[in-house]
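Peer 1: Have a look at the structure that comes next, please.
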Amino acid sequence: MKTVNYVPKGVCSRQIQFKIDGDIVRDVKFTGGCHGNLQGIAKLVEGMKIDDVIQRLDGINCNGKGTSCPDQFAKALKAYK
């Protein structure tokens, strides 16, 4: 299992840490941002395949920023791949 740390850009969260077990997402943690919402996202993606998470979260826009914490997580997963 590999641990990945990603620094998101253009959003409130300051760091995204997650583990990859084969092609399965595990143990997602966001630092900063909307704590309750990001805890929910982390629980929802637990155990999902990387490509499925990317497909669901890629392109989500927060308040006209052109990105969001979920979108940044998708970018982190793409960078990992």
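Scheme for the structure tokens: letters A, B, ... for chains in order shown; per-chain residue numbers from 1; ligand numbers from 1 in order shown.
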Could you give me, as a PDB file with all heavy atoms, in the first residue's frame, the residues within 7 Å of A:Val45, counting only C-alpha atoms and dropping anything in the same chain fewer than 4 positions from it?
Peer 2:
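Here's the written file result.pdb:
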```pdb
ATOM      1  N   VAL A  25      -8.719   2.996  -3.691  1.00  0.00           N
ATOM      2  CA  VAL A  25      -8.476   4.176  -2.856  1.00  0.00           C
ATOM      3  C   VAL A  25      -8.793   3.834  -1.398  1.00  0.00           C
ATOM      4  O   VAL A  25      -9.842   3.259  -1.100  1.00  0.00           O
ATOM      5  CB  VAL A  25      -9.357   5.352  -3.326  1.00  0.00           C
ATOM      6  CG1 VAL A  25      -9.191   6.553  -2.406  1.00  0.00           C
ATOM      7  CG2 VAL A  25      -9.033   5.726  -4.764  1.00  0.00           C
ATOM      8  N   ILE A  41     -16.916  12.997   1.597  1.00  0.00           N
ATOM      9  CA  ILE A  41     -16.308  12.558   0.332  1.00  0.00           C
ATOM     10  C   ILE A  41     -15.317  11.432   0.601  1.00  0.00           C
ATOM     11  O   ILE A  41     -15.312  10.416  -0.096  1.00  0.00           O
ATOM     12  CB  ILE A  41     -15.626  13.732  -0.385  1.00  0.00           C
ATOM     13  CG1 ILE A  41     -16.691  14.704  -0.913  1.00  0.00           C
ATOM     14  CG2 ILE A  41     -14.732  13.242  -1.523  1.00  0.00           C
ATOM     15  CD1 ILE A  41     -16.147  16.027  -1.350  1.00  0.00           C
ATOM     16  N   VAL A  53     -13.372   6.867  -9.096  1.00  0.00           N
ATOM     17  CA  VAL A  53     -13.336   8.109  -8.324  1.00  0.00           C
ATOM     18  C   VAL A  53     -13.062   9.288  -9.259  1.00  0.00           C
ATOM     19  O   VAL A  53     -13.741  10.321  -9.187  1.00  0.00           O
ATOM     20  CB  VAL A  53     -12.284   8.049  -7.190  1.00  0.00           C
ATOM     21  CG1 VAL A  53     -12.178   9.395  -6.479  1.00  0.00           C
ATOM     22  CG2 VAL A  53     -12.617   6.945  -6.205  1.00  0.00           C
TER      23      VAL A  53
END
```
Peer 1: Quick one: residues within 10 Å of A:Tyr80, only C-alpha atoms, excluding same-chain residues fewer than 5 positions away - as an NGL selection string?
Peer 2: :A and (4-6 or 20 or 50 or 74-75)
Peer 1: Atoms to include: all heavy atoms. Write the selected residues as an mmCIF file, in the first residue's frame.
Peer 2:
```cif
data_model
loop_
_atom_site.group_PDB
_atom_site.id
_atom_site.type_symbol
_atom_site.label_atom_id
_atom_site.label_comp_id
_atom_site.auth_asym_id
_atom_site.auth_seq_id
_atom_site.Cartn_x
_atom_site.Cartn_y
_atom_site.Cartn_z
ATOM 1 N N VAL A 4 0.146 8.656 -0.491
ATOM 2 C CA VAL A 4 0.383 9.783 -1.388
ATOM 3 C C VAL A 4 -0.039 11.071 -0.684
ATOM 4 O O VAL A 4 -1.106 11.131 -0.065
ATOM 5 C CB VAL A 4 -0.424 9.621 -2.696
ATOM 6 C CG1 VAL A 4 -0.190 10.799 -3.620
ATOM 7 C CG2 VAL A 4 -0.077 8.310 -3.378
ATOM 8 N N ASN A 5 0.799 12.105 -0.774
ATOM 9 C CA ASN A 5 0.469 13.444 -0.287
ATOM 10 C C ASN A 5 0.394 14.366 -1.490
ATOM 11 O O ASN A 5 1.300 14.383 -2.310
ATOM 12 C CB ASN A 5 1.540 13.948 0.686
ATOM 13 C CG ASN A 5 1.541 13.179 1.973
ATOM 14 O OD1 ASN A 5 0.567 13.178 2.703
ATOM 15 N ND2 ASN A 5 2.632 12.492 2.251
ATOM 16 N N TYR A 6 -0.681 15.137 -1.564
ATOM 17 C CA TYR A 6 -0.897 16.032 -2.707
ATOM 18 C C TYR A 6 -1.266 17.409 -2.179
ATOM 19 O O TYR A 6 -2.085 17.529 -1.269
ATOM 20 C CB TYR A 6 -2.026 15.479 -3.575
ATOM 21 C CG TYR A 6 -2.316 16.284 -4.821
ATOM 22 C CD1 TYR A 6 -1.549 16.123 -5.971
ATOM 23 C CD2 TYR A 6 -3.362 17.195 -4.853
ATOM 24 C CE1 TYR A 6 -1.816 16.848 -7.115
ATOM 25 C CE2 TYR A 6 -3.641 17.925 -6.000
ATOM 26 C CZ TYR A 6 -2.860 17.751 -7.128
ATOM 27 O OH TYR A 6 -3.130 18.469 -8.268
ATOM 28 N N ILE A 20 -3.165 4.077 -1.667
ATOM 29 C CA ILE A 20 -3.586 3.281 -2.816
ATOM 30 C C ILE A 20 -3.165 1.838 -2.553
ATOM 31 O O ILE A 20 -1.999 1.556 -2.267
ATOM 32 C CB ILE A 20 -2.945 3.795 -4.121
ATOM 33 C CG1 ILE A 20 -3.373 5.230 -4.412
ATOM 34 C CG2 ILE A 20 -3.290 2.874 -5.279
ATOM 35 C CD1 ILE A 20 -4.837 5.429 -4.689
ATOM 36 N N ILE A 50 -9.629 3.649 -8.516
ATOM 37 C CA ILE A 50 -9.106 4.974 -8.860
ATOM 38 C C ILE A 50 -9.893 5.592 -10.022
ATOM 39 O O ILE A 50 -10.329 6.736 -9.938
ATOM 40 C CB ILE A 50 -7.607 4.898 -9.219
ATOM 41 C CG1 ILE A 50 -6.787 4.517 -8.000
ATOM 42 C CG2 ILE A 50 -7.111 6.212 -9.808
ATOM 43 C CD1 ILE A 50 -5.331 4.187 -8.313
ATOM 44 N N ALA A 74 -9.436 14.348 -7.675
ATOM 45 C CA ALA A 74 -9.363 13.657 -8.964
ATOM 46 C C ALA A 74 -8.027 13.946 -9.642
ATOM 47 O O ALA A 74 -7.385 13.044 -10.195
ATOM 48 C CB ALA A 74 -10.522 14.068 -9.875
ATOM 49 N N LYS A 75 -7.566 15.191 -9.576
ATOM 50 C CA LYS A 75 -6.265 15.557 -10.152
ATOM 51 C C LYS A 75 -5.127 14.826 -9.438
ATOM 52 O O LYS A 75 -4.159 14.388 -10.070
ATOM 53 C CB LYS A 75 -6.063 17.068 -10.096
ATOM 54 C CG LYS A 75 -6.946 17.838 -11.066
ATOM 55 C CD LYS A 75 -6.654 19.319 -11.002
ATOM 56 C CE LYS A 75 -7.546 20.170 -11.876
ATOM 57 N NZ LYS A 75 -8.264 19.582 -12.954
#
```
Peer 1: Please identify the strand (DSSP E) residues within chain A (assignment by DSSP from backbone atoms) and present them as a PDB file with C-alpha atoms, in the first residue's frame.
Peer 2:
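Wrote states-v8.pdb, looks like this:
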```pdb
ATOM      1  CA  LYS A   2       1.385   3.389  -1.018  1.00  0.00           C
ATOM      2  CA  THR A   3       0.712   6.686   0.795  1.00  0.00           C
ATOM      3  CA  VAL A   4       0.383   9.783  -1.388  1.00  0.00           C
ATOM      4  CA  ASN A   5       0.469  13.444  -0.287  1.00  0.00           C
ATOM      5  CA  TYR A   6      -0.897  16.032  -2.707  1.00  0.00           C
ATOM      6  CA  SER A  13      -7.950  22.518   1.587  1.00  0.00           C
ATOM      7  CA  ARG A  14      -4.179  22.620   2.012  1.00  0.00           C
ATOM      8  CA  GLN A  15      -3.317  18.945   1.619  1.00  0.00           C
ATOM      9  CA  ILE A  16      -4.873  15.683   0.504  1.00  0.00           C
ATOM     10  CA  GLN A  17      -3.389  12.449   1.809  1.00  0.00           C
ATOM     11  CA  PHE A  18      -4.558   9.044   0.639  1.00  0.00           C
ATOM     12  CA  LYS A  19      -3.420   5.462   0.267  1.00  0.00           C
ATOM     13  CA  ILE A  20      -3.586   3.281  -2.816  1.00  0.00           C
ATOM     14  CA  ASP A  21      -3.895  -0.487  -2.475  1.00  0.00           C
ATOM     15  CA  ILE A  24      -8.259   0.862  -4.744  1.00  0.00           C
ATOM     16  CA  VAL A  25      -8.476   4.176  -2.856  1.00  0.00           C
ATOM     17  CA  ARG A  26      -8.050   3.940   0.925  1.00  0.00           C
ATOM     18  CA  ASP A  27      -7.793   6.235   3.954  1.00  0.00           C
ATOM     19  CA  VAL A  28      -8.441   9.659   2.366  1.00  0.00           C
ATOM     20  CA  LYS A  29      -7.743  12.702   4.552  1.00  0.00           C
ATOM     21  CA  PHE A  30      -8.139  16.367   3.641  1.00  0.00           C
ATOM     22  CA  THR A  31      -6.375  19.072   5.658  1.00  0.00           C
ATOM     23  CA  GLY A  32      -8.330  22.327   5.725  1.00  0.00           C
TER      24      GLY A  32
END
```
Peer 1: Using backbone DSSP assignments, extract all helix (DSSP H, G or I) residues from chain A; output them as a PyMOL selection string.
Peer 2: chain A and resi 35-45+50-57+69-80
Peer 1: Could those selected residues go to a file with C-alpha atoms, as a PDB file, in the first residue's frame?
Peer 2:
```pdb
ATOM      1  CA  HIS A  35     -14.351  19.544   7.160  1.00  0.00           C
ATOM      2  CA  GLY A  36     -17.765  17.849   7.226  1.00  0.00           C
ATOM      3  CA  ASN A  37     -18.167  17.740   3.459  1.00  0.00           C
ATOM      4  CA  LEU A  38     -14.640  16.490   2.903  1.00  0.00           C
ATOM      5  CA  GLN A  39     -15.055  13.776   5.548  1.00  0.00           C
ATOM      6  CA  GLY A  40     -18.171  12.686   3.646  1.00  0.00           C
ATOM      7  CA  ILE A  41     -16.308  12.558   0.332  1.00  0.00           C
ATOM      8  CA  ALA A  42     -13.484  10.593   1.965  1.00  0.00           C
ATOM      9  CA  LYS A  43     -15.938   7.985   3.290  1.00  0.00           C
ATOM     10  CA  LEU A  44     -17.841   7.756   0.003  1.00  0.00           C
ATOM     11  CA  VAL A  45     -14.734   7.034  -2.081  1.00  0.00           C
ATOM     12  CA  ILE A  50      -9.106   4.974  -8.860  1.00  0.00           C
ATOM     13  CA  ASP A  51     -10.733   5.398 -12.296  1.00  0.00           C
ATOM     14  CA  ASP A  52     -14.239   5.355 -10.796  1.00  0.00           C
ATOM     15  CA  VAL A  53     -13.336   8.109  -8.324  1.00  0.00           C
ATOM     16  CA  ILE A  54     -11.771  10.202 -11.099  1.00  0.00           C
ATOM     17  CA  GLN A  55     -14.856   9.754 -13.275  1.00  0.00           C
ATOM     18  CA  ARG A  56     -17.188  10.913 -10.486  1.00  0.00           C
ATOM     19  CA  LEU A  57     -15.176  13.844  -9.116  1.00  0.00           C
ATOM     20  CA  CYS A  69     -11.623  19.958  -3.395  1.00  0.00           C
ATOM     21  CA  PRO A  70     -13.227  16.903  -5.057  1.00  0.00           C
ATOM     22  CA  ASP A  71     -11.823  17.995  -8.443  1.00  0.00           C
ATOM     23  CA  GLN A  72      -8.385  18.439  -6.856  1.00  0.00           C
ATOM     24  CA  PHE A  73      -8.633  14.921  -5.435  1.00  0.00           C
ATOM     25  CA  ALA A  74      -9.363  13.657  -8.964  1.00  0.00           C
ATOM     26  CA  LYS A  75      -6.265  15.557 -10.152  1.00  0.00           C
ATOM     27  CA  ALA A  76      -4.226  13.962  -7.349  1.00  0.00           C
ATOM     28  CA  LEU A  77      -5.357  10.510  -8.474  1.00  0.00           C
ATOM     29  CA  LYS A  78      -4.527  11.309 -12.103  1.00  0.00           C
ATOM     30  CA  ALA A  79      -1.068  12.492 -11.039  1.00  0.00           C
ATOM     31  CA  TYR A  80      -0.593   9.253  -9.093  1.00  0.00           C
TER      32      TYR A  80
END
```
Peer 1: Rank A:Met1, A:Val7, A:Met48, A:Cys12 by their smallest atom-to-atom distance to A:Ser68, using only C-alpha atoms, and report the top residue only.
Peer 2: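 Selected residue with least distance to A:Ser68: A:Cys12.
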Peer 1: Rounded to one decimal place, report the atom CA of A:Lys65-atom CA of A:Gly47 distance in Å.
Peer 2: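 Calculated distance between atom CA of A:Lys65 and atom CA of A:Gly47 is 28.6 Å.
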